[in-house]
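Trainee: So that we are looking at the same thing, I have put the structure below in structure tokens.
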Amino acid sequence: MGFYRNLFKKCDNTSRDVKKAVIIVALMALPLVAGKPDQKRDPNAIGGRKVASGVNFYSLEKELALGKQLAEEIRKQARLVEDPIVAEYVNRLGQNLARNSDITFPVTFNLIESEEIGAFTLPGGFIYVNTATLKLSDNESELASVIAHELGHAAARHATRQASTQKLLDLATLPVAIFGGIGGYALRQLGAPLALFHFSRDFETEADFLGLQYLWKAGYDPESSINMFERVESMERRQPGAVSQLFRTHPMTADRIARTQRDIGQILPNRAEYVINTSDYEDIRTRLLDILEVQRAKDATAPQPPTLRRPNEQLDLDERPSFQL
Ligand SMILES: [Zn+2]
């Protein structure tokens, strides 16, 4: 509005007709600005779209260096699934989605052994999915929908953009502040350092929107993301606390489902066929369940089990109890 006010001030000495003409020209120009086609709504343009525009004080180089540093902390403090066959599968699934995304830098994918349903993304495209999330999914397409959402955060560089607008959060000090304070034990239980990835509602909505398109572009059934939202919601209802706080901060499930359903109808071209499941997914799921079972038995017999919580144990963080899924 300031622009128009100034315009009128300058027009004070001009005739009424000129003022009218200015208003008409301004009003005619508005739809041109507002009607500029939104690239993010064109899934056929995926790959060449600029989805990370916005205020960002972090160069991509700085973001990658920071992500690497944080990923090193995760590697030390969380328990990653290192079985090469499971790790290769998760990476292959992720890289296929990344090839069908707007991401402009290399990304990595890891599974974190955690009984909490969740997934998160570090700056610089380091993506983590909790084993409980894989267990909750029923097919490859549902698992892919979670990874695609995280790729949306990574491609749009939400972590550094959010840090740039919230001056309070200085990412450079986070490794000490977050990881130093939590310690390995609690981090393993949480599956993620929470404060880092509490994205705004707008960024969560955008990650849903981008992720849905990546899922479609990679050939998966976009409806799977709705199935996965419903699974998470149902689990949260049945076992409060089973879903990580990160997932709970996502927009309300009913809104997400309604919006996703609308986007599927409005922006995704129909495909004759969609991938829903693969035999690889089924094999990996079975293999992972076996690995987790062996690990649980090992932890139970270890002198001081590092990942089991005793009922009377006090934790520093305000977190809800974990549940066995
Ligand atoms: Zn998210």
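Every chain in the structure tokens has a letter given in the order shown (A, B, ...), and although residue numbers restart at 1 in each chain, ligands are simply numbered from 1 in the order shown.
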What are the closest atom pairs, with distances in Å to one decimal, for all residues of segment 76-145 of chain A lying within 8 Å of segment 206-225 of chain A? Consider only C-alpha atoms, order rows by chain and residue number, and present the result as CSV.

Mentor:
```
residue,atom,partner,partner_atom,distance
A:Asn96,CA,A:Ala218,CA,7.0
A:Leu97,CA,A:Ala218,CA,5.8
A:Ala98,CA,A:Tyr214,CA,7.9
A:Asn100,CA,A:Ala218,CA,5.6
A:Ser101,CA,A:Tyr214,CA,5.3
A:Ser141,CA,A:Tyr220,CA,5.6
A:Glu142,CA,A:Ser224,CA,4.9
A:Ala144,CA,A:Leu215,CA,6.9
A:Ser145,CA,A:Ser225,CA,5.1
```

Trainee: For atom CA of Gly152 of chain A and atom CA of Phe120 of chain A, determine how far apart the two atoms are, in Å to one decimal place.

Mentor: 11.1 Å

Trainee: Work out how far atom CA of Arg79 of chain A is from atom CA of Gln245 of chain A, in Å to one decimal.

Mentor: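 These atoms are spaced 18.8 Å apart.
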
Trainee: Pull the strand (DSSP E or B) assignments for segment 31-158 of chain A out of DSSP run on the backbone, and list those residues as a ChimeraX atom specification.

Mentor: /A:80,108-112,117,119-122,126-130

Trainee: Would you mind exporting N, CA and C atoms of the selected residues as a CSV table (one decimal), in the first residue's frame?

Mentor:
```csv
chain,number,residue,atom,x,y,z
A,80,LEU,N,22.7,-46.3,14.0
A,80,LEU,CA,22.3,-46.5,12.6
A,80,LEU,C,22.2,-48.0,12.2
A,108,THR,N,22.0,-38.1,1.3
A,108,THR,CA,22.3,-39.5,1.8
A,108,THR,C,21.1,-39.9,2.6
A,109,PHE,N,20.9,-41.2,2.7
A,109,PHE,CA,19.8,-41.8,3.4
A,109,PHE,C,20.2,-42.8,4.4
A,110,ASN,N,19.7,-42.7,5.6
A,110,ASN,CA,20.1,-43.7,6.7
A,110,ASN,C,18.8,-44.1,7.5
A,111,LEU,N,18.9,-45.3,8.0
A,111,LEU,CA,17.9,-45.8,8.9
A,111,LEU,C,18.4,-45.6,10.4
A,112,ILE,N,17.6,-45.1,11.3
A,112,ILE,CA,18.0,-45.0,12.7
A,112,ILE,C,17.2,-46.0,13.4
A,117,ILE,N,8.1,-43.5,15.8
A,117,ILE,CA,7.8,-43.3,14.4
A,117,ILE,C,8.3,-41.9,14.1
A,119,ALA,N,11.0,-39.3,11.1
A,119,ALA,CA,12.0,-39.2,10.1
A,119,ALA,C,12.5,-37.7,10.2
A,120,PHE,N,13.7,-37.4,9.8
A,120,PHE,CA,14.1,-36.0,9.8
A,120,PHE,C,15.2,-35.8,8.8
A,121,THR,N,15.5,-34.5,8.6
A,121,THR,CA,16.4,-34.1,7.6
A,121,THR,C,17.4,-33.1,8.1
A,122,LEU,N,18.7,-33.3,8.0
A,122,LEU,CA,19.7,-32.3,8.5
A,122,LEU,C,19.9,-31.4,7.3
A,126,PHE,N,21.0,-34.6,4.5
A,126,PHE,CA,21.3,-35.9,5.2
A,126,PHE,C,19.9,-36.3,5.8
A,127,ILE,N,19.4,-37.4,5.2
A,127,ILE,CA,18.0,-37.8,5.6
A,127,ILE,C,18.0,-39.0,6.4
A,128,TYR,N,17.2,-39.0,7.5
A,128,TYR,CA,17.1,-40.2,8.4
A,128,TYR,C,15.7,-40.6,8.6
A,129,VAL,N,15.5,-42.0,8.5
A,129,VAL,CA,14.2,-42.5,8.8
A,129,VAL,C,14.3,-43.5,9.9
A,130,ASN,N,13.4,-43.4,10.9
A,130,ASN,CA,13.5,-44.4,12.0
A,130,ASN,C,13.0,-45.7,11.6
```

Trainee: In Å, how far is it from atom CA of Ala148 of chain A to atom CA of Ile103 of chain A?

Mentor: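 If I compute the distance from atom CA of Ala148 of chain A to atom CA of Ile103 of chain A, I get 11.1 Å.
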
Trainee: Here is a test: counting only C-alpha atoms and all ligand atoms, which residue of A:Thr301, A:Ser234, A:Asn270, A:Ser200 is nearest to ligand 1?

Mentor: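 Under the stated criterion, the closest residue is A:Ser200.
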
Trainee: Could you check which of A:Leu64, A:Val294, A:Leu288, A:Ala159 is closest to ligand 1, using only C-alpha atoms and all ligand atoms?

Mentor: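 The closest residue to ligand 1 is A:Ala159.
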
Trainee: Under the rule that only C-alpha atoms and all ligand atoms are counted, which of A:Met235, A:Glu204, A:Gly241, A:Arg296 is the nearest residue to ligand 1?

Mentor: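 Result for the nearest residue to ligand 1: A:Glu204.
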
Trainee: If you count only C-alpha atoms, which residues fall within 12 Å of Ser59 of chain A, apart from same-chain ones fewer than 3 positions away, as number ranges by chain?

Mentor: A: 52, 55-56, 62-66, 123-124, 157, 160-161, 164

Trainee: Next, write the just-selected residues to a file, as a PDB file, in the first residue's frame, keeping N, CA and C atoms as the atom set.

Mentor:
```pdb
ATOM      1  N   ALA A  52      14.069 -23.428  -3.656  1.00  0.00           N
ATOM      2  CA  ALA A  52      14.691 -23.004  -2.391  1.00  0.00           C
ATOM      3  C   ALA A  52      14.869 -21.498  -2.309  1.00  0.00           C
ATOM      4  N   VAL A  55      14.863 -15.940   1.766  1.00  0.00           N
ATOM      5  CA  VAL A  55      16.003 -15.452   2.552  1.00  0.00           C
ATOM      6  C   VAL A  55      16.825 -16.624   3.072  1.00  0.00           C
ATOM      7  N   ASN A  56      18.099 -16.618   2.801  1.00  0.00           N
ATOM      8  CA  ASN A  56      18.979 -17.665   3.337  1.00  0.00           C
ATOM      9  C   ASN A  56      20.381 -17.087   3.501  1.00  0.00           C
ATOM     10  N   LYS A  62      28.221 -23.690   2.836  1.00  0.00           N
ATOM     11  CA  LYS A  62      28.189 -23.613   4.299  1.00  0.00           C
ATOM     12  C   LYS A  62      27.151 -24.603   4.846  1.00  0.00           C
ATOM     13  N   GLU A  63      26.029 -24.696   4.162  1.00  0.00           N
ATOM     14  CA  GLU A  63      24.985 -25.623   4.602  1.00  0.00           C
ATOM     15  C   GLU A  63      25.482 -27.066   4.546  1.00  0.00           C
ATOM     16  N   LEU A  64      26.184 -27.405   3.465  1.00  0.00           N
ATOM     17  CA  LEU A  64      26.680 -28.777   3.325  1.00  0.00           C
ATOM     18  C   LEU A  64      27.701 -29.101   4.417  1.00  0.00           C
ATOM     19  N   ALA A  65      28.568 -28.127   4.714  1.00  0.00           N
ATOM     20  CA  ALA A  65      29.590 -28.343   5.749  1.00  0.00           C
ATOM     21  C   ALA A  65      28.937 -28.550   7.117  1.00  0.00           C
ATOM     22  N   LEU A  66      27.925 -27.753   7.383  1.00  0.00           N
ATOM     23  CA  LEU A  66      27.198 -27.860   8.652  1.00  0.00           C
ATOM     24  C   LEU A  66      26.491 -29.218   8.748  1.00  0.00           C
ATOM     25  N   PRO A 123      20.425 -30.178   7.661  1.00  0.00           N
ATOM     26  CA  PRO A 123      20.814 -29.275   6.580  1.00  0.00           C
ATOM     27  C   PRO A 123      21.753 -30.022   5.618  1.00  0.00           C
ATOM     28  N   GLY A 124      21.713 -29.685   4.365  1.00  0.00           N
ATOM     29  CA  GLY A 124      22.633 -30.300   3.414  1.00  0.00           C
ATOM     30  C   GLY A 124      22.190 -31.667   2.915  1.00  0.00           C
ATOM     31  N   ARG A 157      15.573 -26.388   1.155  1.00  0.00           N
ATOM     32  CA  ARG A 157      16.564 -25.878   2.116  1.00  0.00           C
ATOM     33  C   ARG A 157      15.867 -25.232   3.325  1.00  0.00           C
ATOM     34  N   THR A 160      18.105 -24.237   6.756  1.00  0.00           N
ATOM     35  CA  THR A 160      18.894 -22.995   6.775  1.00  0.00           C
ATOM     36  C   THR A 160      18.028 -21.773   6.502  1.00  0.00           C
ATOM     37  N   ARG A 161      16.956 -21.946   5.739  1.00  0.00           N
ATOM     38  CA  ARG A 161      16.057 -20.801   5.514  1.00  0.00           C
ATOM     39  C   ARG A 161      15.349 -20.433   6.804  1.00  0.00           C
ATOM     40  N   SER A 164      17.688 -18.705   9.054  1.00  0.00           N
ATOM     41  CA  SER A 164      17.974 -17.350   8.570  1.00  0.00           C
ATOM     42  C   SER A 164      16.898 -16.360   8.971  1.00  0.00           C
TER      43      SER A 164
END
```

Trainee: Calculated over only C-alpha atoms and all ligand atoms, which of the candidates A:Glu150, A:Glu72, A:Asp83, A:Glu140 has the smallest distance to ligand 1?

Mentor: A:Glu150

Trainee: Measuring atom to atom with only C-alpha atoms, identify which of A:Gly118, A:Lys50, A:Ile226, A:Ile147 is nearest to Arg262 of chain A.

Mentor: A:Ile226

Trainee: Do a neighbour search on Tyr281 of chain A at 10 Å with only C-alpha atoms, toss out local chain neighbours closer than 3 positions, and write the hits as a compact mmCIF listing (two decimals) with all heavy atoms, in the first residue's frame.

Mentor:
```txt
# COMPACT_ATOMS: atom_id res chain seq x y z
N VAL A 86 20.25 -53.88 3.97
CA VAL A 86 19.17 -52.95 4.34
C VAL A 86 19.57 -51.52 3.98
O VAL A 86 18.80 -50.76 3.39
CB VAL A 86 18.82 -53.06 5.84
CG1 VAL A 86 17.78 -52.02 6.23
CG2 VAL A 86 18.33 -54.46 6.18
N TYR A 89 19.39 -50.82 0.29
CA TYR A 89 18.00 -50.68 -0.18
C TYR A 89 17.46 -49.28 0.12
O TYR A 89 16.88 -48.62 -0.76
CB TYR A 89 17.11 -51.75 0.46
CG TYR A 89 15.64 -51.48 0.23
CD1 TYR A 89 15.04 -51.80 -0.98
CD2 TYR A 89 14.85 -50.88 1.22
CE1 TYR A 89 13.70 -51.53 -1.21
CE2 TYR A 89 13.51 -50.60 1.00
CZ TYR A 89 12.94 -50.93 -0.21
OH TYR A 89 11.62 -50.65 -0.44
N VAL A 90 17.65 -48.83 1.37
CA VAL A 90 17.13 -47.51 1.76
C VAL A 90 17.79 -46.42 0.92
O VAL A 90 17.13 -45.48 0.44
CB VAL A 90 17.35 -47.26 3.27
CG1 VAL A 90 17.02 -45.83 3.66
CG2 VAL A 90 16.50 -48.23 4.09
N LEU A 93 16.38 -46.59 -2.70
CA LEU A 93 15.02 -46.03 -2.73
C LEU A 93 15.10 -44.49 -2.68
O LEU A 93 14.44 -43.78 -3.45
CB LEU A 93 14.23 -46.57 -1.53
CG LEU A 93 12.81 -46.08 -1.27
CD1 LEU A 93 11.92 -46.31 -2.48
CD2 LEU A 93 12.23 -46.78 -0.05
N LEU A 134 9.58 -47.49 9.04
CA LEU A 134 9.56 -48.56 8.03
C LEU A 134 8.60 -49.67 8.45
O LEU A 134 7.82 -50.19 7.65
CB LEU A 134 10.98 -49.10 7.81
CG LEU A 134 11.19 -49.95 6.55
CD1 LEU A 134 12.65 -49.89 6.09
CD2 LEU A 134 10.79 -51.41 6.73
N ASP A 138 3.33 -50.17 4.97
CA ASP A 138 2.84 -51.47 4.54
C ASP A 138 3.39 -51.85 3.17
O ASP A 138 3.25 -52.99 2.73
CB ASP A 138 1.30 -51.44 4.50
CG ASP A 138 0.72 -52.83 4.38
OD1 ASP A 138 1.14 -53.71 5.17
OD2 ASP A 138 -0.14 -53.04 3.50
N ASN A 139 3.97 -50.90 2.48
CA ASN A 139 4.53 -51.20 1.16
C ASN A 139 5.57 -50.14 0.80
O ASN A 139 5.73 -49.14 1.52
CB ASN A 139 3.42 -51.27 0.10
CG ASN A 139 2.56 -50.01 0.09
OD1 ASN A 139 3.08 -48.90 0.04
ND2 ASN A 139 1.24 -50.19 0.19
N GLU A 140 6.25 -50.35 -0.30
CA GLU A 140 7.35 -49.45 -0.68
C GLU A 140 6.85 -48.04 -0.95
O GLU A 140 7.52 -47.05 -0.62
CB GLU A 140 8.07 -50.00 -1.92
CG GLU A 140 9.28 -49.17 -2.30
CD GLU A 140 10.17 -49.85 -3.32
OE1 GLU A 140 10.73 -50.92 -2.99
OE2 GLU A 140 10.29 -49.34 -4.45
N SER A 141 5.69 -47.93 -1.56
CA SER A 141 5.17 -46.62 -1.90
C SER A 141 4.90 -45.78 -0.64
O SER A 141 5.15 -44.57 -0.62
CB SER A 141 3.89 -46.79 -2.73
OG SER A 141 3.50 -45.60 -3.31
N LEU A 143 6.45 -46.12 2.30
CA LEU A 143 7.75 -45.73 2.85
C LEU A 143 8.33 -44.58 2.01
O LEU A 143 8.86 -43.60 2.55
CB LEU A 143 8.71 -46.94 2.84
CG LEU A 143 10.14 -46.66 3.27
CD1 LEU A 143 10.21 -46.17 4.71
CD2 LEU A 143 11.00 -47.93 3.11
N ASN A 277 4.19 -51.66 -4.58
CA ASN A 277 5.10 -52.46 -3.76
C ASN A 277 6.12 -53.19 -4.62
O ASN A 277 5.95 -53.32 -5.84
CB ASN A 277 4.32 -53.45 -2.91
CG ASN A 277 5.06 -53.81 -1.64
OD1 ASN A 277 6.10 -53.21 -1.33
ND2 ASN A 277 4.56 -54.77 -0.91
N THR A 278 7.20 -53.66 -3.96
CA THR A 278 8.22 -54.46 -4.66
C THR A 278 8.59 -55.63 -3.75
O THR A 278 8.38 -55.58 -2.53
CB THR A 278 9.50 -53.63 -4.91
OG1 THR A 278 10.06 -53.26 -3.64
CG2 THR A 278 9.21 -52.38 -5.73
N ILE A 284 13.40 -56.80 2.51
CA ILE A 284 14.13 -55.91 3.42
C ILE A 284 13.40 -55.78 4.75
O ILE A 284 14.01 -55.77 5.83
CB ILE A 284 14.33 -54.52 2.76
CG1 ILE A 284 15.33 -54.61 1.62
CG2 ILE A 284 14.76 -53.46 3.78
CD1 ILE A 284 16.71 -55.12 1.98
N ARG A 285 12.09 -55.69 4.67
CA ARG A 285 11.27 -55.56 5.88
C ARG A 285 11.48 -56.78 6.79
O ARG A 285 11.71 -56.64 7.99
CB ARG A 285 9.81 -55.46 5.45
CG ARG A 285 8.91 -54.91 6.49
CD ARG A 285 7.52 -54.69 5.87
NE ARG A 285 6.75 -53.79 6.70
CZ ARG A 285 6.26 -54.13 7.88
NH1 ARG A 285 6.43 -55.36 8.32
NH2 ARG A 285 5.60 -53.27 8.61
N THR A 286 11.41 -57.97 6.19
CA THR A 286 11.60 -59.20 6.95
C THR A 286 13.01 -59.23 7.55
O THR A 286 13.20 -59.56 8.74
CB THR A 286 11.42 -60.43 6.03
OG1 THR A 286 10.18 -60.28 5.36
CG2 THR A 286 11.46 -61.73 6.79
N ARG A 287 13.98 -58.88 6.72
CA ARG A 287 15.37 -58.89 7.17
C ARG A 287 15.57 -57.91 8.34
O ARG A 287 16.21 -58.23 9.34
CB ARG A 287 16.28 -58.50 6.00
CG ARG A 287 17.77 -58.62 6.29
CD ARG A 287 18.60 -58.24 5.07
NE ARG A 287 20.01 -58.28 5.37
CZ ARG A 287 20.76 -59.35 5.24
NH1 ARG A 287 20.25 -60.48 4.77
NH2 ARG A 287 22.04 -59.32 5.56
```
